[in-house]
Amino acid sequence: MTDPSFGVNRQGLAHALDLLEKHEFSQASALPPHLAENGIGETAALDLLAPLVFDGAARLDLPHAFAHMDPPTPWVSWAATLWNARLNQNLLHPASAPFARAAERQAVAWLAPAFGMQGGHMTPGSTLANLTALWAARDATGARRVIASEAAHLSIPKAAKILGLTLETVPADPVQRMDAAKLPPNLSDAILVLTAGTTSAGAIDPLSLCGRAAWTHVDAAWAGPLVFSRTHAARLAGIEHADSVAVSAHKWLFQPKESALIFFRDEKRAHDAISFGGNYLAAPNIGVLGSHGAVAIPLLATLLAWGREGLAARIDRCMDAADKLAGALSADPRWQVFAAPETGVVLFRPANGDCDGAFARLPDGLASTTRIGTETWLRSVAANPNVDIAAVTDAVRKAI
Ligand SMILES: Cc1ncc(COP(=O)(O)O)c(C=O)c1O
């Protein structure tokens with residue numbers, strides 16, 4: 001007999017969709033403290049979990065959601081993710097995942113040229129994309145020094161530590177870009193890491209430095225997708241001279257986690273440096289992951305559904321929202337804005353210095369806090385194309 005738990009249960013899946021659509025439960029629910037001897041069945045399991053899952057998660061698509069680099073995801077990506085869960089393909093094995101492997105090649109082939117890159121592969125996030133890049137850089141060039149701005153993401157020191165590389169930190173300028181004048185004079189034996197969209201301030205390091213070191217890696221986890229916007233692509237000019245570029249698809253490509261890309265200018269050189277055989281594998285295992293799934297399929301679904309124009313329109317809307325918030329607060333003497341937003345990240349604070357008080361008065365999900373040097377700032381990130389920027393601006397003004 002076939003076990004029905006592994007079959008398509010139309011009624012059960014429709015119920016899961018009903019719960020997803022309902023989204024707010026406000027009813028008590030709790031997990032049993034121990035693994036139960038006997039299960040409660042699939043529908044009851046979903047009913048028990050739904051209030052915990054939905055009430056315990058921020059809604060990233062609400063009109064005031066503007067706090068983090070996490071976007072809402074389009075429904076087409078949910079559908080493709082459901083297919084992935086059902087098929088559970090493993091890209092390690094060409095025979096069991098022929099289309100999933102082709103899909104990843106295709107997604108990379110569609111996106112890499114916009115960055116001047118030749119190829120690459122997907123990873124579950126930019127932390128791993130950055131680690132992969134520094135690993136390829138170390139083994140392709142023999143370089144042992146990593147040079148990065150003090151504003152680089154923590155995944156850079158983490159990767160340097162894992163890979164046994166020494167990290168030299170370069171001060172950032174007043175708007176959080178790497179201060180090029182403070183770079184060490186000789187980069188010929190170094191891996192230079194530039195950030196396109198720093199985590200705290202959204203600053204873009206001088207990409208004109210690409211190509212000046214033994215290897216240049218651009219951490220474009222956040223702002224990389226600006227290359228698809230005709231209005232904003234020029235902000236990333238110079239990125240095409242990098243050796244590698246990391247981009248999080250689960251940020252401004254609107255993908256469910258965990259989804260990111262590592263691109264290489266010379267794909268063969270990089271992949272040769274980070275590939276392993278294995279007698280049970282029909283194809284070499286490239287990069288950090290062993291078994292991995294078909295995250296390219298939801299990405300392809302989104303790109304097919306929207307095209308470059310559709311993607312760019314959503315990113316442009318986000319950028320426009322950030323500009324509007326920064327503009328409104330700059331014109332209000334009760335507020336200070338850190339700098340004109342370069343990549344949709346707005347840092348602001350009350351002129352009276354009461355950041356904590358203002359933060360406590362803001363609706364949840366509208367802003368986060370960050371520190372630049374010793375100073376605290378409120379931070380909004382334009383990852384939500386559904387944002388109602390007039391309502392956001394109004395709520396911020398009332399928080400003082
Ligand atoms: C600039 C930058 N690099 C890397 C990362 C790490 O990316 P992920 O969270 O996808 O691992 C982040 C995350 O916010 C980031 O802002």
# chains A, B, ... in the order shown; residues from 1 in each chain; ligands from 1
>>> select_by_dssp(residues="region 97-311 of chain A", states="strand (DSSP E)", output="MDAnalysis selection string")
chainID A and resid 119:123 145:149 166:170 190:195 215:219 244:248 260:264 275:276 285:286
>>> write_last_selection(atoms="N, CA, C and O atoms", output="compact mmCIF listing (two decimals), in the first residue's frame")
# COMPACT_ATOMS: atom_id res chain seq x y z
N GLY A 119 30.02 33.21 -14.97
CA GLY A 119 29.23 32.10 -14.44
C GLY A 119 29.29 32.09 -12.95
O GLY A 119 29.57 33.12 -12.33
N GLY A 120 29.02 30.92 -12.36
CA GLY A 120 29.02 30.82 -10.91
C GLY A 120 28.03 29.76 -10.47
O GLY A 120 27.66 28.88 -11.25
N HIS A 121 27.57 29.86 -9.24
CA HIS A 121 26.58 28.91 -8.75
C HIS A 121 25.79 29.51 -7.60
O HIS A 121 26.08 30.63 -7.17
N MET A 122 24.80 28.75 -7.12
CA MET A 122 23.96 29.29 -6.05
C MET A 122 24.43 28.76 -4.69
O MET A 122 25.01 27.68 -4.60
N THR A 123 24.19 29.56 -3.68
CA THR A 123 24.52 29.19 -2.30
C THR A 123 23.29 29.56 -1.44
O THR A 123 22.44 30.33 -1.90
N ARG A 145 46.12 37.48 2.29
CA ARG A 145 45.67 38.68 3.01
C ARG A 145 44.31 39.09 2.45
O ARG A 145 44.13 39.13 1.23
N VAL A 146 43.40 39.42 3.35
CA VAL A 146 42.12 39.98 2.91
C VAL A 146 42.07 41.43 3.39
O VAL A 146 42.37 41.71 4.55
N ILE A 147 41.71 42.32 2.49
CA ILE A 147 41.61 43.73 2.86
C ILE A 147 40.16 44.17 2.66
O ILE A 147 39.60 43.99 1.57
N ALA A 148 39.55 44.64 3.72
CA ALA A 148 38.13 45.03 3.64
C ALA A 148 37.90 46.24 4.52
O ALA A 148 38.65 46.50 5.46
N SER A 149 36.83 46.95 4.23
CA SER A 149 36.48 48.13 5.02
C SER A 149 36.00 47.71 6.41
O SER A 149 35.47 46.61 6.59
N THR A 166 44.65 36.39 6.84
CA THR A 166 44.73 37.55 7.74
C THR A 166 43.84 38.66 7.19
O THR A 166 43.77 38.86 5.97
N LEU A 167 43.18 39.35 8.09
CA LEU A 167 42.27 40.41 7.68
C LEU A 167 42.85 41.76 8.06
O LEU A 167 43.22 41.98 9.21
N GLU A 168 42.95 42.65 7.07
CA GLU A 168 43.39 44.02 7.35
C GLU A 168 42.19 44.93 7.09
O GLU A 168 41.58 44.87 6.02
N THR A 169 41.87 45.76 8.08
CA THR A 169 40.65 46.58 7.96
C THR A 169 41.00 48.01 7.59
O THR A 169 41.92 48.59 8.15
N VAL A 170 40.26 48.51 6.64
CA VAL A 170 40.48 49.88 6.15
C VAL A 170 39.37 50.76 6.73
O VAL A 170 38.20 50.36 6.71
N ALA A 190 47.04 40.53 -2.44
CA ALA A 190 45.91 40.60 -1.51
C ALA A 190 44.58 40.34 -2.20
O ALA A 190 44.44 40.54 -3.42
N ILE A 191 43.62 39.91 -1.39
CA ILE A 191 42.23 39.81 -1.83
C ILE A 191 41.53 41.06 -1.31
O ILE A 191 41.47 41.28 -0.09
N LEU A 192 41.05 41.88 -2.22
CA LEU A 192 40.36 43.11 -1.82
C LEU A 192 38.85 42.85 -1.82
O LEU A 192 38.32 42.37 -2.83
N VAL A 193 38.20 43.15 -0.71
CA VAL A 193 36.74 42.99 -0.64
C VAL A 193 36.09 44.36 -0.62
O VAL A 193 36.39 45.18 0.26
N LEU A 194 35.23 44.62 -1.59
CA LEU A 194 34.47 45.87 -1.63
C LEU A 194 33.01 45.52 -1.39
O LEU A 194 32.54 44.46 -1.82
N THR A 195 32.30 46.40 -0.72
CA THR A 195 30.88 46.13 -0.44
C THR A 195 30.02 47.07 -1.28
O THR A 195 30.27 48.27 -1.32
N TRP A 215 43.00 39.69 -6.37
CA TRP A 215 41.61 39.26 -6.61
C TRP A 215 40.72 40.31 -5.98
O TRP A 215 40.99 40.75 -4.85
N THR A 216 39.70 40.75 -6.67
CA THR A 216 38.73 41.66 -6.06
C THR A 216 37.40 40.95 -5.95
O THR A 216 36.87 40.44 -6.96
N HIS A 217 36.87 40.92 -4.73
CA HIS A 217 35.54 40.36 -4.52
C HIS A 217 34.59 41.50 -4.15
O HIS A 217 34.91 42.31 -3.28
N VAL A 218 33.44 41.56 -4.81
CA VAL A 218 32.43 42.55 -4.42
C VAL A 218 31.30 41.84 -3.68
O VAL A 218 30.65 40.95 -4.24
N ASP A 219 31.10 42.24 -2.44
CA ASP A 219 29.98 41.74 -1.66
C ASP A 219 28.78 42.64 -1.99
O ASP A 219 28.60 43.71 -1.41
N SER A 244 34.96 38.32 -8.51
CA SER A 244 33.79 37.60 -8.02
C SER A 244 32.80 38.59 -7.42
O SER A 244 33.19 39.67 -6.96
N VAL A 245 31.52 38.21 -7.47
CA VAL A 245 30.46 39.06 -6.93
C VAL A 245 29.46 38.16 -6.21
O VAL A 245 29.01 37.16 -6.76
N ALA A 246 29.12 38.53 -4.96
CA ALA A 246 28.09 37.80 -4.20
C ALA A 246 26.80 38.62 -4.22
O ALA A 246 26.83 39.84 -4.03
N VAL A 247 25.67 37.94 -4.46
CA VAL A 247 24.36 38.61 -4.46
C VAL A 247 23.36 37.72 -3.72
O VAL A 247 23.26 36.53 -4.03
N SER A 248 22.65 38.29 -2.77
CA SER A 248 21.60 37.51 -2.09
C SER A 248 20.31 37.60 -2.90
O SER A 248 19.73 38.68 -3.04
N ALA A 260 21.03 32.58 -2.72
CA ALA A 260 22.01 33.61 -3.10
C ALA A 260 22.85 33.08 -4.25
O ALA A 260 22.72 31.91 -4.65
N LEU A 261 23.66 33.97 -4.81
CA LEU A 261 24.49 33.58 -5.95
C LEU A 261 25.92 34.04 -5.74
O LEU A 261 26.15 35.13 -5.21
N ILE A 262 26.86 33.21 -6.18
CA ILE A 262 28.25 33.67 -6.26
C ILE A 262 28.62 33.61 -7.75
O ILE A 262 28.50 32.58 -8.39
N PHE A 263 29.01 34.76 -8.25
CA PHE A 263 29.39 34.87 -9.67
C PHE A 263 30.91 35.03 -9.79
O PHE A 263 31.53 35.69 -8.94
N PHE A 264 31.47 34.47 -10.87
CA PHE A 264 32.90 34.60 -11.11
C PHE A 264 33.15 35.14 -12.52
O PHE A 264 32.46 34.75 -13.46
N SER A 275 36.58 22.64 -6.40
CA SER A 275 35.83 21.43 -6.79
C SER A 275 36.48 20.18 -6.22
O SER A 275 37.70 20.09 -6.14
N PHE A 276 35.63 19.25 -5.87
CA PHE A 276 36.10 17.94 -5.39
C PHE A 276 35.40 16.86 -6.17
O PHE A 276 34.22 16.99 -6.49
N ASN A 285 31.81 17.97 -7.26
CA ASN A 285 31.07 18.77 -6.29
C ASN A 285 31.77 20.13 -6.19
O ASN A 285 32.89 20.23 -5.73
N ILE A 286 31.05 21.17 -6.65
CA ILE A 286 31.64 22.52 -6.69
C ILE A 286 31.20 23.30 -5.46
O ILE A 286 30.00 23.37 -5.16
>>> residues_around(residues="region 47-61 of chain A", least_positions_apart="3", cutoff="8 Å", atoms="only C-alpha atoms", output="JSON, numbers by chain")
{"A": [19, 20, 23, 24, 25, 26, 27, 28, 29, 30, 31, 43, 44, 65, 66, 70, 71, 72, 365, 384, 385, 386, 387]}
>>> write_last_selection(atoms="N, CA, C and O atoms", output="PDB file, in the first residue's frame")
ATOM      1  N   LEU A  19      -5.139  28.512   5.751  1.00  0.00           N
ATOM      2  CA  LEU A  19      -4.445  29.024   6.951  1.00  0.00           C
ATOM      3  C   LEU A  19      -3.514  30.173   6.559  1.00  0.00           C
ATOM      4  O   LEU A  19      -3.435  31.196   7.232  1.00  0.00           O
ATOM      5  N   LEU A  20      -2.830  29.996   5.424  1.00  0.00           N
ATOM      6  CA  LEU A  20      -1.892  31.022   4.948  1.00  0.00           C
ATOM      7  C   LEU A  20      -2.641  32.327   4.647  1.00  0.00           C
ATOM      8  O   LEU A  20      -2.180  33.417   4.974  1.00  0.00           O
ATOM      9  N   HIS A  23      -3.901  34.097   8.072  1.00  0.00           N
ATOM     10  CA  HIS A  23      -2.702  34.790   8.523  1.00  0.00           C
ATOM     11  C   HIS A  23      -2.706  35.306   9.944  1.00  0.00           C
ATOM     12  O   HIS A  23      -1.679  35.465  10.572  1.00  0.00           O
ATOM     13  N   GLU A  24      -3.909  35.621  10.500  1.00  0.00           N
ATOM     14  CA  GLU A  24      -3.911  36.096  11.884  1.00  0.00           C
ATOM     15  C   GLU A  24      -4.813  35.193  12.699  1.00  0.00           C
ATOM     16  O   GLU A  24      -5.954  34.960  12.312  1.00  0.00           O
ATOM     17  N   PHE A  25      -4.323  34.688  13.801  1.00  0.00           N
ATOM     18  CA  PHE A  25      -5.061  33.673  14.551  1.00  0.00           C
ATOM     19  C   PHE A  25      -5.439  34.147  15.947  1.00  0.00           C
ATOM     20  O   PHE A  25      -6.555  33.953  16.381  1.00  0.00           O
ATOM     21  N   SER A  26      -4.467  34.786  16.619  1.00  0.00           N
ATOM     22  CA  SER A  26      -4.704  35.287  17.979  1.00  0.00           C
ATOM     23  C   SER A  26      -5.374  34.239  18.856  1.00  0.00           C
ATOM     24  O   SER A  26      -6.317  34.535  19.570  1.00  0.00           O
ATOM     25  N   GLN A  27      -4.962  32.998  18.735  1.00  0.00           N
ATOM     26  CA  GLN A  27      -5.499  31.972  19.629  1.00  0.00           C
ATOM     27  C   GLN A  27      -4.315  31.227  20.228  1.00  0.00           C
ATOM     28  O   GLN A  27      -3.248  31.160  19.619  1.00  0.00           O
ATOM     29  N   ALA A  28      -4.536  30.700  21.425  1.00  0.00           N
ATOM     30  CA  ALA A  28      -3.430  30.033  22.114  1.00  0.00           C
ATOM     31  C   ALA A  28      -3.079  28.730  21.419  1.00  0.00           C
ATOM     32  O   ALA A  28      -3.945  28.020  20.918  1.00  0.00           O
ATOM     33  N   SER A  29      -1.815  28.466  21.336  1.00  0.00           N
ATOM     34  CA  SER A  29      -1.353  27.205  20.766  1.00  0.00           C
ATOM     35  C   SER A  29       0.017  26.968  21.368  1.00  0.00           C
ATOM     36  O   SER A  29       0.741  27.915  21.642  1.00  0.00           O
ATOM     37  N   ALA A  30       0.353  25.734  21.618  1.00  0.00           N
ATOM     38  CA  ALA A  30       1.675  25.459  22.202  1.00  0.00           C
ATOM     39  C   ALA A  30       2.163  24.113  21.712  1.00  0.00           C
ATOM     40  O   ALA A  30       1.369  23.198  21.455  1.00  0.00           O
ATOM     41  N   LEU A  31       3.456  24.013  21.559  1.00  0.00           N
ATOM     42  CA  LEU A  31       4.055  22.745  21.157  1.00  0.00           C
ATOM     43  C   LEU A  31       4.157  21.835  22.373  1.00  0.00           C
ATOM     44  O   LEU A  31       4.421  22.315  23.478  1.00  0.00           O
ATOM     45  N   THR A  43      -3.377  17.381   9.266  1.00  0.00           N
ATOM     46  CA  THR A  43      -4.204  18.587   9.346  1.00  0.00           C
ATOM     47  C   THR A  43      -4.131  19.188  10.749  1.00  0.00           C
ATOM     48  O   THR A  43      -3.975  20.404  10.905  1.00  0.00           O
ATOM     49  N   ALA A  44      -4.200  18.330  11.757  1.00  0.00           N
ATOM     50  CA  ALA A  44      -4.105  18.834  13.136  1.00  0.00           C
ATOM     51  C   ALA A  44      -2.725  19.453  13.384  1.00  0.00           C
ATOM     52  O   ALA A  44      -2.602  20.450  14.111  1.00  0.00           O
ATOM     53  N   ALA A  65       6.025  47.940   6.467  1.00  0.00           N
ATOM     54  CA  ALA A  65       7.198  47.069   6.656  1.00  0.00           C
ATOM     55  C   ALA A  65       8.383  47.687   5.921  1.00  0.00           C
ATOM     56  O   ALA A  65       8.402  47.786   4.695  1.00  0.00           O
ATOM     57  N   PHE A  66       9.379  48.099   6.723  1.00  0.00           N
ATOM     58  CA  PHE A  66      10.452  48.923   6.136  1.00  0.00           C
ATOM     59  C   PHE A  66      11.710  48.842   6.996  1.00  0.00           C
ATOM     60  O   PHE A  66      12.496  49.783   7.030  1.00  0.00           O
ATOM     61  N   ASP A  70      15.023  42.097   4.397  1.00  0.00           N
ATOM     62  CA  ASP A  70      14.222  40.918   4.036  1.00  0.00           C
ATOM     63  C   ASP A  70      12.957  41.349   3.304  1.00  0.00           C
ATOM     64  O   ASP A  70      12.113  42.038   3.882  1.00  0.00           O
ATOM     65  N   PRO A  71      12.804  40.927   2.050  1.00  0.00           N
ATOM     66  CA  PRO A  71      11.649  41.387   1.266  1.00  0.00           C
ATOM     67  C   PRO A  71      10.453  40.447   1.433  1.00  0.00           C
ATOM     68  O   PRO A  71      10.619  39.300   1.864  1.00  0.00           O
ATOM     69  N   PRO A  72       9.247  40.906   1.054  1.00  0.00           N
ATOM     70  CA  PRO A  72       8.169  39.954   0.847  1.00  0.00           C
ATOM     71  C   PRO A  72       8.503  39.124  -0.393  1.00  0.00           C
ATOM     72  O   PRO A  72       9.338  39.540  -1.202  1.00  0.00           O
ATOM     73  N   GLY A 365       8.310  46.878  12.971  1.00  0.00           N
ATOM     74  CA  GLY A 365       8.582  46.520  11.583  1.00  0.00           C
ATOM     75  C   GLY A 365       8.864  47.699  10.680  1.00  0.00           C
ATOM     76  O   GLY A 365       9.119  47.525   9.486  1.00  0.00           O
ATOM     77  N   ASN A 384      10.627  46.442   0.589  1.00  0.00           N
ATOM     78  CA  ASN A 384       9.205  46.094   0.426  1.00  0.00           C
ATOM     79  C   ASN A 384       8.542  46.974  -0.627  1.00  0.00           C
ATOM     80  O   ASN A 384       8.230  48.131  -0.360  1.00  0.00           O
ATOM     81  N   PRO A 385       8.297  46.440  -1.811  1.00  0.00           N
ATOM     82  CA  PRO A 385       7.680  47.270  -2.864  1.00  0.00           C
ATOM     83  C   PRO A 385       6.251  47.689  -2.527  1.00  0.00           C
ATOM     84  O   PRO A 385       5.703  48.572  -3.179  1.00  0.00           O
ATOM     85  N   ASN A 386       5.644  47.052  -1.520  1.00  0.00           N
ATOM     86  CA  ASN A 386       4.269  47.403  -1.125  1.00  0.00           C
ATOM     87  C   ASN A 386       4.220  48.539  -0.117  1.00  0.00           C
ATOM     88  O   ASN A 386       3.155  48.850   0.404  1.00  0.00           O
ATOM     89  N   VAL A 387       5.370  49.096   0.215  1.00  0.00           N
ATOM     90  CA  VAL A 387       5.386  50.082   1.292  1.00  0.00           C
ATOM     91  C   VAL A 387       4.518  51.303   0.937  1.00  0.00           C
ATOM     92  O   VAL A 387       4.466  51.722  -0.227  1.00  0.00           O
TER      93      VAL A 387
END
>>> residues_near_ligand(ligand="ligand 1", cutoff="6 Å", atoms="only C-alpha atoms and all ligand atoms", output="PyMOL selection string")
chain A and resi 125-127+153+197-199+219+221-222+248
>>> write_last_selection(atoms="N, CA and C atoms", output="PDB file, in the first residue's frame")
ATOM      1  N   GLY A 125      23.033  31.643   0.900  1.00  0.00           N
ATOM      2  CA  GLY A 125      23.047  33.008   1.431  1.00  0.00           C
ATOM      3  C   GLY A 125      24.359  33.645   1.035  1.00  0.00           C
ATOM      4  N   SER A 126      24.485  34.937   1.305  1.00  0.00           N
ATOM      5  CA  SER A 126      25.733  35.606   0.923  1.00  0.00           C
ATOM      6  C   SER A 126      26.855  35.359   1.913  1.00  0.00           C
ATOM      7  N   THR A 127      26.528  34.942   3.137  1.00  0.00           N
ATOM      8  CA  THR A 127      27.601  34.519   4.048  1.00  0.00           C
ATOM      9  C   THR A 127      28.394  33.412   3.367  1.00  0.00           C
ATOM     10  N   HIS A 153      30.520  43.422   5.994  1.00  0.00           N
ATOM     11  CA  HIS A 153      29.643  42.525   6.756  1.00  0.00           C
ATOM     12  C   HIS A 153      30.464  41.521   7.572  1.00  0.00           C
ATOM     13  N   GLY A 197      26.583  48.212  -0.976  1.00  0.00           N
ATOM     14  CA  GLY A 197      25.421  48.228  -0.096  1.00  0.00           C
ATOM     15  C   GLY A 197      25.792  47.703   1.278  1.00  0.00           C
ATOM     16  N   THR A 198      26.459  48.542   2.092  1.00  0.00           N
ATOM     17  CA  THR A 198      26.864  48.053   3.418  1.00  0.00           C
ATOM     18  C   THR A 198      25.619  47.803   4.284  1.00  0.00           C
ATOM     19  N   THR A 199      25.786  46.895   5.216  1.00  0.00           N
ATOM     20  CA  THR A 199      24.636  46.425   5.988  1.00  0.00           C
ATOM     21  C   THR A 199      24.017  47.554   6.813  1.00  0.00           C
ATOM     22  N   ASP A 219      31.104  42.238  -2.441  1.00  0.00           N
ATOM     23  CA  ASP A 219      29.976  41.741  -1.664  1.00  0.00           C
ATOM     24  C   ASP A 219      28.784  42.638  -1.994  1.00  0.00           C
ATOM     25  N   ALA A 221      25.676  41.628  -1.728  1.00  0.00           N
ATOM     26  CA  ALA A 221      24.559  40.856  -1.157  1.00  0.00           C
ATOM     27  C   ALA A 221      23.269  41.662  -1.229  1.00  0.00           C
ATOM     28  N   TRP A 222      23.352  42.921  -0.815  1.00  0.00           N
ATOM     29  CA  TRP A 222      22.141  43.737  -0.776  1.00  0.00           C
ATOM     30  C   TRP A 222      21.905  44.458  -2.112  1.00  0.00           C
ATOM     31  N   SER A 248      22.648  38.289  -2.766  1.00  0.00           N
ATOM     32  CA  SER A 248      21.596  37.513  -2.093  1.00  0.00           C
ATOM     33  C   SER A 248      20.315  37.597  -2.902  1.00  0.00           C
TER      34      SER A 248
END
>>> residues_around(residues="Gly116 (chain A)", least_positions_apart="5", cutoff="8 Å", atoms="only C-alpha atoms", output="short mmCIF file (atom, residue, chain, number, x, y, z; two decimals) with C-alpha atoms, in the first residue's frame")
data_model
loop_
_atom_site.label_atom_id
_atom_site.label_comp_id
_atom_site.auth_asym_id
_atom_site.auth_seq_id
_atom_site.Cartn_x
_atom_site.Cartn_y
_atom_site.Cartn_z
CA ILE A 239 31.71 45.97 -10.70
CA GLU A 240 32.39 44.25 -14.05
CA HIS A 241 36.13 44.41 -13.29
CA ARG A 265 34.51 36.52 -13.95
#
>>> residues_around(residues="region 325-334 of chain A", least_positions_apart="5", cutoff="8 Å", atoms="only C-alpha atoms", output="PDB file with C-alpha atoms, in the first residue's frame")
ATOM      1  CA  ALA A 340      21.269  60.639   1.039  1.00  0.00           C
ATOM      2  CA  PRO A 341      20.390  56.948   0.619  1.00  0.00           C
ATOM      3  CA  VAL A 346      17.852  55.341   5.273  1.00  0.00           C
ATOM      4  CA  PHE A 348      17.796  58.862  10.649  1.00  0.00           C
ATOM      5  CA  PRO A 350      15.694  62.724  16.210  1.00  0.00           C
ATOM      6  CA  ALA A 351      17.731  65.931  16.407  1.00  0.00           C
ATOM      7  CA  ASN A 352      17.124  65.828  20.184  1.00  0.00           C
ATOM      8  CA  ILE A 389       5.728  55.721   2.160  1.00  0.00           C
ATOM      9  CA  VAL A 392       5.655  55.493   6.990  1.00  0.00           C
ATOM     10  CA  THR A 393       6.716  59.151   6.933  1.00  0.00           C
ATOM     11  CA  ILE A 400       9.074  62.387  18.240  1.00  0.00           C
TER      12      ILE A 400
END
>>> closest_atom_pairs(of="region 254-347 of chain A", to="region 370-373 of chain A", cutoff="12 Å", atoms="only C-alpha atoms", output="CSV")
residue,atom,partner,partner_atom,distance
A:Phe338,CA,A:Ile372,CA,9.7
A:Val345,CA,A:Thr370,CA,11.4
A:Val346,CA,A:Thr370,CA,11.0
A:Leu347,CA,A:Thr370,CA,8.4
>>> closest_residue(among="A:Pro363, A:Gly357, A:Pro124, A:Pro256", to="Ala80 (chain A)", atoms="only C-alpha atoms")
A:Pro256
>>> atom_distance(atom1="CA of Tyr280 (chain A)", atom2="CA of Leu87 (chain A)")
21.3 Å
>>> closest_atom_pairs(of="region 38-150 of chain A", to="region 200-214 of chain A", cutoff="9 Å", atoms="only C-alpha atoms", output="CSV")
residue,atom,partner,partner_atom,distance
A:Ala137,CA,A:Ala214,CA,8.3
A:Thr141,CA,A:Ala214,CA,6.8
A:Gly142,CA,A:Ala214,CA,9.0
A:Ala143,CA,A:Ala214,CA,7.1
A:Ser149,CA,A:Asp205,CA,8.3
>>> atom_distance(atom1="CA of Gly277 (chain A)", atom2="CA of Phe99 (chain A)")
21.4 Å
>>> atom_distance(atom1="CA of Arg397 (chain A)", atom2="CA of Thr376 (chain A)")
18.2 Å
>>> residues_around(residues="Arg314 (chain A)", least_positions_apart="2", cutoff="10 Å", atoms="only C-alpha atoms", output="number ranges by chain")
A: 229, 252-254, 306, 309-312, 316-320, 383-386
>>> decode(residues="region 72-84 of chain A", atoms="N, CA and C atoms", output="tab-separated table (two decimals), in the first residue's frame")
chain	number	residue	atom	x	y	z
A	72	PRO	N	9.25	40.91	1.05
A	72	PRO	CA	8.17	39.95	0.85
A	72	PRO	C	8.50	39.12	-0.39
A	73	THR	N	7.88	37.97	-0.52
A	73	THR	CA	8.19	37.09	-1.65
A	73	THR	C	6.94	36.94	-2.53
A	74	PRO	N	7.11	36.85	-3.84
A	74	PRO	CA	5.93	36.73	-4.72
A	74	PRO	C	5.34	35.31	-4.67
A	75	TRP	N	4.04	35.22	-4.88
A	75	TRP	CA	3.37	33.92	-4.71
A	75	TRP	C	3.89	32.88	-5.69
A	76	VAL	N	4.38	33.33	-6.83
A	76	VAL	CA	4.89	32.34	-7.79
A	76	VAL	C	6.09	31.61	-7.19
A	77	SER	N	6.86	32.30	-6.34
A	77	SER	CA	8.01	31.65	-5.70
A	77	SER	C	7.54	30.66	-4.62
A	78	TRP	N	6.37	30.92	-4.01
A	78	TRP	CA	5.85	29.97	-3.01
A	78	TRP	C	5.47	28.67	-3.73
A	79	ALA	N	4.81	28.84	-4.89
A	79	ALA	CA	4.34	27.66	-5.63
A	79	ALA	C	5.52	26.81	-6.06
A	80	ALA	N	6.57	27.46	-6.59
A	80	ALA	CA	7.74	26.69	-7.05
A	80	ALA	C	8.46	26.05	-5.87
A	81	THR	N	8.42	26.71	-4.70
A	81	THR	CA	9.05	26.14	-3.50
A	81	THR	C	8.30	24.90	-3.04
A	82	LEU	N	6.98	24.93	-3.20
A	82	LEU	CA	6.18	23.74	-2.87
A	82	LEU	C	6.56	22.58	-3.80
A	83	TRP	N	6.71	22.86	-5.08
A	83	TRP	CA	7.15	21.80	-6.01
A	83	TRP	C	8.50	21.24	-5.57
A	84	ASN	N	9.40	22.14	-5.19
A	84	ASN	CA	10.74	21.69	-4.75
A	84	ASN	C	10.64	20.77	-3.54
